[in-house]
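To be precise, the following lines are start26.txt, and they hold compact mmCIF, N, CA and C atoms.
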# COMPACT_ATOMS: atom_id res chain seq x y z
N MET A 14 -32.14 110.21 -129.60
CA MET A 14 -31.60 108.87 -129.70
C MET A 14 -32.72 107.85 -129.93
N ALA A 15 -33.84 108.03 -129.22
CA ALA A 15 -34.96 107.10 -129.37
C ALA A 15 -35.53 107.15 -130.78
N MET A 16 -35.56 108.36 -131.37
CA MET A 16 -36.07 108.52 -132.74
C MET A 16 -35.18 107.76 -133.72
N ARG A 17 -33.87 107.85 -133.56
CA ARG A 17 -32.95 107.13 -134.44
C ARG A 17 -33.15 105.63 -134.33
N LEU A 18 -33.36 105.15 -133.12
CA LEU A 18 -33.59 103.73 -132.91
C LEU A 18 -34.88 103.28 -133.58
N LEU A 19 -35.93 104.08 -133.48
CA LEU A 19 -37.19 103.75 -134.13
C LEU A 19 -37.05 103.71 -135.65
N ILE A 20 -36.30 104.65 -136.21
CA ILE A 20 -36.08 104.66 -137.65
C ILE A 20 -35.31 103.42 -138.08
N LEU A 21 -34.28 103.08 -137.33
CA LEU A 21 -33.49 101.89 -137.65
C LEU A 21 -34.34 100.63 -137.59
N ILE A 22 -35.16 100.49 -136.57
CA ILE A 22 -36.04 99.32 -136.44
C ILE A 22 -37.02 99.27 -137.60
N ALA A 23 -37.59 100.42 -137.96
CA ALA A 23 -38.54 100.46 -139.08
C ALA A 23 -37.86 100.03 -140.38
N LEU A 24 -36.63 100.49 -140.60
CA LEU A 24 -35.92 100.11 -141.81
C LEU A 24 -35.61 98.62 -141.85
N LEU A 25 -35.38 98.02 -140.70
CA LEU A 25 -35.06 96.60 -140.65
C LEU A 25 -36.29 95.71 -140.76
N ILE A 26 -37.45 96.21 -140.33
CA ILE A 26 -38.66 95.40 -140.30
C ILE A 26 -39.48 95.52 -141.58
N LEU A 27 -39.60 96.74 -142.10
CA LEU A 27 -40.47 96.97 -143.24
C LEU A 27 -39.92 96.31 -144.49
N PRO A 28 -40.80 95.71 -145.31
CA PRO A 28 -40.32 95.13 -146.56
C PRO A 28 -39.97 96.25 -147.54
N ILE A 29 -38.76 96.21 -148.06
CA ILE A 29 -38.34 97.23 -149.01
C ILE A 29 -37.67 96.57 -150.20
N ASP A 30 -37.66 97.28 -151.29
CA ASP A 30 -36.98 96.83 -152.49
C ASP A 30 -35.59 97.44 -152.46
N VAL A 31 -34.61 96.67 -152.00
CA VAL A 31 -33.26 97.18 -151.87
C VAL A 31 -32.56 97.05 -153.21
N ALA A 32 -32.04 98.16 -153.70
CA ALA A 32 -31.36 98.20 -154.99
C ALA A 32 -29.89 97.84 -154.80
N ALA A 33 -29.24 97.55 -155.90
CA ALA A 33 -27.82 97.22 -155.86
C ALA A 33 -27.01 98.44 -155.44
N ALA A 34 -25.85 98.17 -154.84
CA ALA A 34 -25.00 99.26 -154.35
C ALA A 34 -24.61 100.23 -155.46
N GLU A 35 -24.44 99.72 -156.68
CA GLU A 35 -24.05 100.63 -157.76
C GLU A 35 -25.15 101.63 -158.09
N ASP A 36 -26.38 101.36 -157.65
CA ASP A 36 -27.47 102.31 -157.88
C ASP A 36 -27.30 103.59 -157.08
N ARG A 37 -26.41 103.60 -156.10
CA ARG A 37 -26.18 104.83 -155.34
C ARG A 37 -25.61 105.92 -156.24
N ARG A 38 -25.15 105.54 -157.42
CA ARG A 38 -24.64 106.53 -158.37
C ARG A 38 -25.70 107.56 -158.75
N VAL A 39 -26.98 107.21 -158.56
CA VAL A 39 -28.05 108.19 -158.88
C VAL A 39 -27.93 109.43 -157.99
N PHE A 40 -27.27 109.28 -156.84
CA PHE A 40 -27.09 110.41 -155.92
C PHE A 40 -25.83 111.22 -156.25
N PHE A 41 -24.93 110.66 -157.06
CA PHE A 41 -23.66 111.31 -157.34
C PHE A 41 -23.86 112.53 -158.24
N GLY A 42 -23.00 113.50 -158.08
CA GLY A 42 -23.04 114.68 -158.92
C GLY A 42 -23.08 115.94 -158.08
N THR A 43 -23.39 117.04 -158.73
CA THR A 43 -23.45 118.35 -158.09
C THR A 43 -24.91 118.77 -158.03
N TRP A 44 -25.40 119.02 -156.81
CA TRP A 44 -26.81 119.31 -156.55
C TRP A 44 -26.94 120.65 -155.84
N GLY A 45 -27.96 121.41 -156.23
CA GLY A 45 -28.20 122.66 -155.53
C GLY A 45 -29.44 123.36 -156.05
N THR A 46 -29.73 124.49 -155.44
CA THR A 46 -30.77 125.38 -155.94
C THR A 46 -30.15 126.13 -157.12
N ALA A 47 -30.94 126.87 -157.86
CA ALA A 47 -30.40 127.67 -158.97
C ALA A 47 -29.34 128.63 -158.46
N HIS A 48 -29.56 129.21 -157.28
CA HIS A 48 -28.62 130.14 -156.66
C HIS A 48 -27.30 129.45 -156.34
N GLN A 49 -27.38 128.23 -155.76
CA GLN A 49 -26.17 127.49 -155.41
C GLN A 49 -25.42 127.04 -156.66
N CYS A 50 -26.15 126.53 -157.65
CA CYS A 50 -25.50 126.05 -158.87
C CYS A 50 -24.75 127.17 -159.58
N ALA A 51 -25.29 128.39 -159.52
CA ALA A 51 -24.64 129.55 -160.14
C ALA A 51 -23.52 130.11 -159.27
N ARG A 52 -23.39 129.59 -158.05
CA ARG A 52 -22.39 130.05 -157.09
C ARG A 52 -22.44 131.58 -156.93
N LYS A 53 -23.64 132.08 -156.73
CA LYS A 53 -23.85 133.52 -156.54
C LYS A 53 -23.57 133.88 -155.09
N PRO A 54 -23.29 135.16 -154.82
CA PRO A 54 -23.09 135.59 -153.43
C PRO A 54 -24.33 135.29 -152.58
N VAL A 55 -24.10 134.89 -151.35
CA VAL A 55 -25.19 134.58 -150.43
C VAL A 55 -26.03 135.84 -150.21
N LYS A 56 -25.36 136.97 -150.00
CA LYS A 56 -26.04 138.26 -149.86
C LYS A 56 -25.62 139.15 -151.03
N PRO A 57 -26.54 139.94 -151.56
CA PRO A 57 -26.17 140.84 -152.66
C PRO A 57 -24.94 141.68 -152.30
N GLY A 58 -23.97 141.69 -153.19
CA GLY A 58 -22.75 142.46 -152.96
C GLY A 58 -21.75 141.77 -152.05
N GLY A 59 -22.11 140.62 -151.51
CA GLY A 59 -21.21 139.90 -150.60
C GLY A 59 -20.13 139.13 -151.34
N THR A 60 -19.19 138.59 -150.57
CA THR A 60 -18.09 137.82 -151.16
C THR A 60 -18.19 136.33 -150.83
N PHE A 61 -19.08 135.96 -149.91
CA PHE A 61 -19.26 134.56 -149.54
C PHE A 61 -20.26 133.95 -150.53
N LEU A 62 -19.84 132.94 -151.27
CA LEU A 62 -20.66 132.37 -152.33
C LEU A 62 -21.50 131.19 -151.85
N ALA A 63 -22.71 131.09 -152.38
CA ALA A 63 -23.55 129.91 -152.15
C ALA A 63 -22.90 128.75 -152.89
N GLU A 64 -22.80 127.62 -152.26
CA GLU A 64 -22.13 126.46 -152.86
C GLU A 64 -23.10 125.29 -152.96
N PRO A 65 -23.06 124.56 -154.07
CA PRO A 65 -23.88 123.36 -154.20
C PRO A 65 -23.24 122.20 -153.43
N TYR A 66 -23.97 121.12 -153.31
CA TYR A 66 -23.47 119.89 -152.70
C TYR A 66 -22.88 119.01 -153.79
N GLU A 67 -21.68 118.52 -153.58
CA GLU A 67 -21.04 117.59 -154.51
C GLU A 67 -20.97 116.24 -153.81
N ILE A 68 -21.61 115.24 -154.41
CA ILE A 68 -21.70 113.92 -153.78
C ILE A 68 -20.98 112.90 -154.65
N SER A 69 -20.12 112.11 -154.00
CA SER A 69 -19.42 111.02 -154.69
C SER A 69 -19.53 109.76 -153.84
N ASP A 70 -18.80 108.74 -154.24
CA ASP A 70 -18.89 107.45 -153.55
C ASP A 70 -18.50 107.54 -152.08
N GLU A 71 -17.52 108.37 -151.76
CA GLU A 71 -17.04 108.44 -150.38
C GLU A 71 -17.26 109.79 -149.71
N TRP A 72 -17.53 110.83 -150.51
CA TRP A 72 -17.52 112.18 -149.96
C TRP A 72 -18.75 112.98 -150.34
N LEU A 73 -19.14 113.87 -149.43
CA LEU A 73 -20.09 114.94 -149.71
C LEU A 73 -19.32 116.22 -149.40
N ARG A 74 -19.36 117.15 -150.34
CA ARG A 74 -18.64 118.41 -150.13
C ARG A 74 -19.58 119.56 -150.45
N GLN A 75 -19.53 120.58 -149.60
CA GLN A 75 -20.22 121.83 -149.87
C GLN A 75 -19.25 122.95 -149.52
N GLY A 76 -18.69 123.56 -150.57
CA GLY A 76 -17.68 124.59 -150.33
C GLY A 76 -16.48 123.99 -149.64
N ARG A 77 -16.14 124.53 -148.46
CA ARG A 77 -14.98 124.03 -147.72
C ARG A 77 -15.35 122.93 -146.71
N LEU A 78 -16.62 122.59 -146.63
CA LEU A 78 -17.05 121.54 -145.71
C LEU A 78 -17.00 120.19 -146.42
N TRP A 79 -16.32 119.24 -145.82
CA TRP A 79 -16.22 117.89 -146.36
C TRP A 79 -16.81 116.92 -145.35
N CYS A 80 -17.56 115.93 -145.86
CA CYS A 80 -18.12 114.87 -145.02
C CYS A 80 -17.75 113.52 -145.63
N LEU A 81 -17.18 112.65 -144.82
CA LEU A 81 -16.89 111.28 -145.24
C LEU A 81 -18.18 110.48 -145.10
N LEU A 82 -18.58 109.76 -146.16
CA LEU A 82 -19.83 109.02 -146.18
C LEU A 82 -19.62 107.52 -146.04
N SER A 83 -20.39 106.90 -145.18
CA SER A 83 -20.49 105.44 -145.10
C SER A 83 -21.93 105.11 -145.44
N TRP A 84 -22.15 104.60 -146.64
CA TRP A 84 -23.49 104.41 -147.20
C TRP A 84 -24.23 103.24 -146.57
N GLY A 85 -25.52 103.40 -146.46
CA GLY A 85 -26.43 102.32 -146.08
C GLY A 85 -27.03 101.74 -147.35
N PRO A 86 -28.00 100.86 -147.20
CA PRO A 86 -28.66 100.28 -148.39
C PRO A 86 -29.45 101.33 -149.15
N ILE A 87 -29.67 101.05 -150.42
CA ILE A 87 -30.45 101.92 -151.29
C ILE A 87 -31.79 101.27 -151.52
N GLU A 88 -32.84 102.03 -151.30
CA GLU A 88 -34.21 101.53 -151.51
C GLU A 88 -34.77 102.16 -152.78
N LYS A 89 -35.18 101.32 -153.72
CA LYS A 89 -35.82 101.82 -154.94
C LYS A 89 -37.29 102.02 -154.63
N ARG A 90 -37.80 103.20 -155.00
CA ARG A 90 -39.20 103.54 -154.77
C ARG A 90 -39.86 103.81 -156.12
N PRO A 91 -41.20 103.80 -156.17
CA PRO A 91 -41.87 104.05 -157.45
C PRO A 91 -41.48 105.37 -158.10
N ASP A 92 -41.18 106.40 -157.29
CA ASP A 92 -40.84 107.70 -157.85
C ASP A 92 -39.36 108.06 -157.70
N GLY A 93 -38.52 107.11 -157.29
CA GLY A 93 -37.10 107.42 -157.15
C GLY A 93 -36.37 106.48 -156.22
N TYR A 94 -35.50 107.06 -155.39
CA TYR A 94 -34.64 106.27 -154.51
C TYR A 94 -34.55 106.91 -153.13
N PHE A 95 -34.22 106.06 -152.15
CA PHE A 95 -33.91 106.53 -150.80
C PHE A 95 -32.65 105.82 -150.36
N SER A 96 -31.80 106.54 -149.66
CA SER A 96 -30.64 105.93 -149.03
C SER A 96 -30.28 106.75 -147.81
N GLY A 97 -29.42 106.18 -147.02
CA GLY A 97 -28.90 106.88 -145.86
C GLY A 97 -27.41 106.68 -145.79
N ALA A 98 -26.76 107.58 -145.13
CA ALA A 98 -25.32 107.46 -144.95
C ALA A 98 -24.95 108.03 -143.59
N HIS A 99 -23.93 107.44 -143.01
CA HIS A 99 -23.34 108.02 -141.81
C HIS A 99 -22.35 109.05 -142.33
N ALA A 100 -22.54 110.31 -141.99
CA ALA A 100 -21.70 111.39 -142.47
C ALA A 100 -20.86 111.92 -141.30
N ARG A 101 -19.55 111.88 -141.48
CA ARG A 101 -18.62 112.45 -140.51
C ARG A 101 -18.02 113.70 -141.16
N CYS A 102 -18.40 114.86 -140.61
CA CYS A 102 -18.09 116.14 -141.24
C CYS A 102 -17.11 116.95 -140.41
N GLY A 103 -16.19 117.61 -141.09
CA GLY A 103 -15.25 118.49 -140.42
C GLY A 103 -13.87 117.89 -140.36
N GLU A 104 -12.97 118.64 -139.74
CA GLU A 104 -11.59 118.20 -139.65
C GLU A 104 -11.12 118.17 -138.20
N ASP A 105 -11.02 119.34 -137.59
CA ASP A 105 -10.56 119.39 -136.20
C ASP A 105 -11.65 118.96 -135.23
N THR A 106 -12.85 119.45 -135.46
CA THR A 106 -14.01 119.06 -134.65
C THR A 106 -14.97 118.34 -135.58
N VAL A 107 -15.08 117.03 -135.42
CA VAL A 107 -15.90 116.23 -136.32
C VAL A 107 -17.32 116.16 -135.78
N ARG A 108 -18.28 116.46 -136.65
CA ARG A 108 -19.69 116.30 -136.34
C ARG A 108 -20.21 115.11 -137.11
N GLN A 109 -21.08 114.34 -136.49
CA GLN A 109 -21.61 113.15 -137.13
C GLN A 109 -23.11 113.28 -137.32
N TYR A 110 -23.57 112.81 -138.47
CA TYR A 110 -24.98 112.88 -138.82
C TYR A 110 -25.42 111.56 -139.43
N PHE A 111 -26.70 111.23 -139.24
CA PHE A 111 -27.32 110.23 -140.10
C PHE A 111 -27.96 111.05 -141.20
N LEU A 112 -27.44 110.90 -142.40
CA LEU A 112 -27.88 111.70 -143.54
C LEU A 112 -28.81 110.87 -144.41
N GLY A 113 -30.09 111.25 -144.43
CA GLY A 113 -31.05 110.60 -145.30
C GLY A 113 -31.09 111.30 -146.65
N MET A 114 -31.15 110.53 -147.72
CA MET A 114 -31.18 111.09 -149.08
C MET A 114 -32.41 110.57 -149.79
N VAL A 115 -33.26 111.48 -150.22
CA VAL A 115 -34.47 111.12 -150.95
C VAL A 115 -34.39 111.75 -152.33
N LEU A 116 -34.37 110.91 -153.36
CA LEU A 116 -34.38 111.38 -154.74
C LEU A 116 -35.74 111.03 -155.32
N SER A 117 -36.53 112.04 -155.62
CA SER A 117 -37.89 111.84 -156.09
C SER A 117 -38.17 112.79 -157.24
N ASP A 118 -38.57 112.23 -158.36
CA ASP A 118 -38.90 113.04 -159.54
C ASP A 118 -37.79 114.02 -159.90
N GLY A 119 -36.54 113.58 -159.81
CA GLY A 119 -35.40 114.40 -160.21
C GLY A 119 -34.97 115.43 -159.18
N GLU A 120 -35.59 115.44 -158.01
CA GLU A 120 -35.21 116.38 -156.96
C GLU A 120 -34.66 115.63 -155.76
N LEU A 121 -33.55 116.14 -155.21
CA LEU A 121 -32.88 115.51 -154.08
C LEU A 121 -33.14 116.32 -152.82
N THR A 122 -33.51 115.63 -151.76
CA THR A 122 -33.63 116.25 -150.44
C THR A 122 -32.66 115.54 -149.51
N LEU A 123 -31.85 116.30 -148.81
CA LEU A 123 -30.91 115.78 -147.82
C LEU A 123 -31.50 116.05 -146.45
N ARG A 124 -31.65 115.03 -145.64
CA ARG A 124 -32.18 115.19 -144.28
C ARG A 124 -31.05 114.94 -143.28
N TRP A 125 -30.64 116.01 -142.62
CA TRP A 125 -29.55 115.99 -141.65
C TRP A 125 -30.13 115.74 -140.28
N GLY A 126 -30.49 114.50 -139.98
CA GLY A 126 -31.18 114.24 -138.74
C GLY A 126 -32.59 114.78 -138.86
N PHE A 127 -33.21 115.11 -137.76
CA PHE A 127 -34.58 115.61 -137.80
C PHE A 127 -34.61 116.90 -137.00
N PRO A 128 -35.18 117.96 -137.44
CA PRO A 128 -35.97 118.19 -138.65
C PRO A 128 -35.20 118.90 -139.76
N THR A 129 -33.88 119.07 -139.63
CA THR A 129 -33.11 119.84 -140.60
C THR A 129 -33.00 119.13 -141.94
N SER A 130 -33.29 119.87 -143.02
CA SER A 130 -33.15 119.29 -144.35
C SER A 130 -32.67 120.36 -145.32
N SER A 131 -32.09 119.90 -146.43
CA SER A 131 -31.66 120.77 -147.52
C SER A 131 -32.36 120.30 -148.77
N GLY A 132 -33.04 121.19 -149.43
CA GLY A 132 -33.70 120.80 -150.67
C GLY A 132 -35.10 121.34 -150.75
N PRO A 133 -35.76 121.05 -151.84
CA PRO A 133 -35.32 120.15 -152.89
C PRO A 133 -34.22 120.78 -153.75
N LEU A 134 -33.29 119.92 -154.19
CA LEU A 134 -32.15 120.32 -154.97
C LEU A 134 -32.24 119.66 -156.35
N LYS A 135 -31.76 120.36 -157.36
CA LYS A 135 -31.71 119.83 -158.72
C LYS A 135 -30.24 119.61 -159.08
N GLN A 136 -30.00 118.71 -160.06
CA GLN A 136 -28.62 118.54 -160.53
C GLN A 136 -28.19 119.81 -161.23
N CYS A 137 -27.01 120.29 -160.89
CA CYS A 137 -26.49 121.50 -161.51
C CYS A 137 -25.99 121.16 -162.92
N PRO A 138 -26.20 122.08 -163.86
CA PRO A 138 -25.67 121.85 -165.21
C PRO A 138 -24.15 121.79 -165.15
N ARG A 139 -23.58 120.96 -166.00
CA ARG A 139 -22.11 120.87 -166.04
C ARG A 139 -21.56 122.12 -166.70
N SER A 140 -20.48 122.61 -166.10
CA SER A 140 -19.89 123.83 -166.68
C SER A 140 -18.53 123.56 -167.26
Entire entry expressed as structure tokens:
Amino acid sequence: MAMRLLILIALLILPIDVAAAEDRRVFFGTWGTAHQCARKPVKPGGTFLAEPYEISDEWLRQGRLWCLLSWGPIEKRPDGYFSGAHARCGEDTVRQYFLGMVLSDGELTLRWGFPTSSGPLKQCPRS
């Protein structure tokens, strides 16, 4: 809890270049590793498929997991963008995360609190 408070204070105090809300579209799309984008089995010969992350204005989805997103401000950086969202994931048992999104040089990293992260992820080719 103290770490979250420190991050929030730092975001409020530090001078940042806040981009327009429509710039969050840079995060939209289907993101994953080559394995996830191809939706290959997690284990060879298995039936459970690796799934990419699909991000839209209100939702993040990975396979059957859905998270409702409440976006924070978008910070434009020299090499890309940063944003955060409050993610409420699940249906019967809802888990909540502060989801940090770093887009740098065409690669997206999702930070699910600390220290868990997913990435770097690339945009999946459209099929």
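When the distance limit is 10 Å and only C-alpha atoms are what count, the residues near A:Arg38, minus those fewer than 6 positions from it on the same chain, are Ile68, Ser69 and Asp70 of chain A.
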Take the residues from that selection and put them in a file with N, CA and C atoms, as an mmCIF file, in the frame of the given file.
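Dumped to again-v5.cif:
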data_model
loop_
_atom_site.group_PDB
_atom_site.id
_atom_site.type_symbol
_atom_site.label_atom_id
_atom_site.label_comp_id
_atom_site.auth_asym_id
_atom_site.auth_seq_id
_atom_site.Cartn_x
_atom_site.Cartn_y
_atom_site.Cartn_z
ATOM 1 N N ILE A 68 -21.610 115.240 -154.410
ATOM 2 C CA ILE A 68 -21.700 113.920 -153.780
ATOM 3 C C ILE A 68 -20.980 112.900 -154.650
ATOM 4 N N SER A 69 -20.120 112.110 -154.000
ATOM 5 C CA SER A 69 -19.420 111.020 -154.690
ATOM 6 C C SER A 69 -19.530 109.760 -153.840
ATOM 7 N N ASP A 70 -18.800 108.740 -154.240
ATOM 8 C CA ASP A 70 -18.890 107.450 -153.550
ATOM 9 C C ASP A 70 -18.500 107.540 -152.080
#
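The spacing separating atom CA of A:Glu104 from atom CA of A:Gly132 amounts to 24.8 Å.
Distance-wise, atom N of A:Pro91 and atom CA of A:Gln136 end up 19.9 Å apart.
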Practice task
For atom C of A:Phe95 and atom C of A:Ser83, determine how far apart the two atoms are, in Å to one decimal place.
Solution key: 11.8 Å
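Those residues in stretch 25-132 of chain A carrying a DSSP assignment of alpha helix (DSSP H), computed from the backbone, are Leu25, Ile26, Ala47, His48, Gln49 and Cys50 of chain A.
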